[in-house]
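In what follows, a single structure is set out as structure tokens and then discussed.
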Amino acid sequence: MDTPQFDPAIEKDTLYAAIAALEKSWGKPGMAQTVADLRTALAHAEHALSVLEHDTERDTAFEVHVLGLGFQVTYAQEELDRAEQFAFDMLGQRRAREETPRNALDAEFPAGTIVACSECGEGLYKTTTRVTTADLVLDDGTLLTPLNRIVPPRYAWASLACPFCGGRLLKDGQIHTLQQGWK
């Protein structure tokens, strides 16, 4: 009897070690590497299984090991599917966290809106065109024009605050306007 090219017991142990490593690293920074390692081990085990399944000249114990390897291959495939779903879920959560603050900065203001101080009530700037909160925060004096000569022109790196009392014009992603208050 020829010595088989693959030993099903060794193949099972190798695949089991890769599955265990993935489970140990689940949700941790090294998880991507263990997923890659499991993919490699799975590909090798699938190849070994395809060769071993065609070896019909073996005893019952050998066949049991081959069946066990088949179950382990199926389990490894399911673990990779779970890991992929976990990655998609984490990506979705990250996108949701990134999009939430951005939505607050998407509030639109029509041309002619007056930005006013929430503390002293002074009208400070008038919008020259339809703008979003993000546009106003990054404005370099082209979108917000001073209402009078006392109010200094707006430039992008200056704090969006009242020049008279220091009151904030931007709070939690909202701009304070004379017409609507915090929006």
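Just so we're on the same page: first chain in the structure tokens is A, next is B, and so on; residues restart at 1 for each chain, and ligands are numbered from 1 in the order they show up.
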
DSSP-assigned helix (DSSP H, G or I) members of chain A, reported as a PyMOL selection string: chain A and resi 8-25+31-53+60-104+133-137

Residues at most 8 Å from stretch 16-33 of chain A, counting only C-alpha atoms, excluding those fewer than 6 positions away in the same chain, as a PDB file with C-alpha atoms, in the first residue's frame?
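Dumped everything to selection_27.pdb:
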```pdb
ATOM      1  CA  ALA A  41      -5.049  26.732   5.349  1.00  0.00           C
ATOM      2  CA  GLN A  72     -13.711  20.797   9.361  1.00  0.00           C
ATOM      3  CA  ALA A  76     -13.773  26.761   8.219  1.00  0.00           C
ATOM      4  CA  GLU A  79     -16.054  30.858   9.870  1.00  0.00           C
TER       5      GLU A  79
END
```

Selection: 12 Å around A:Ala43, only C-alpha atoms, excl. self and same-chain fewer than 2 positions, as a list in words: Glu11, Thr14, Leu15, Ala18, Ala36, Asp37, Leu38, Arg39, Thr40, Ala41, Ala45, Glu46, His47, Ala48, Leu49, Ser50, Val73, Thr74, Ala76, Gln77 and Leu80 of chain A

Which residue of A:Leu169, A:Ile114, A:Val151, A:Cys120 approaches A:Val137 most closely, using only C-alpha atoms: A:Leu169

Strand (DSSP E or B) call set, DSSP backbone run, stretch 80-170 of chain A, as a PyMOL selection string: chain A and resi 108-109+114-116+123-127+131-132+144-146+161+168+170

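Across A:Phe88, A:Phe164, A:Phe71, A:Tyr125, the tightest approach to A:Thr113 is made by A:Tyr125 when counting only C-alpha atoms.
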
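Nearest residue to A:Leu124, choosing from A:Gly141, A:Pro163, A:Gly92, A:Pro8 and counting only C-alpha atoms: A:Pro163.
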
For A:Arg154: contacts at 12 Å, only C-alpha atoms, fewer than 4 positions along chain excluded, given as a ChimeraX atom specification: /A:115,124-127,136-147,158-163
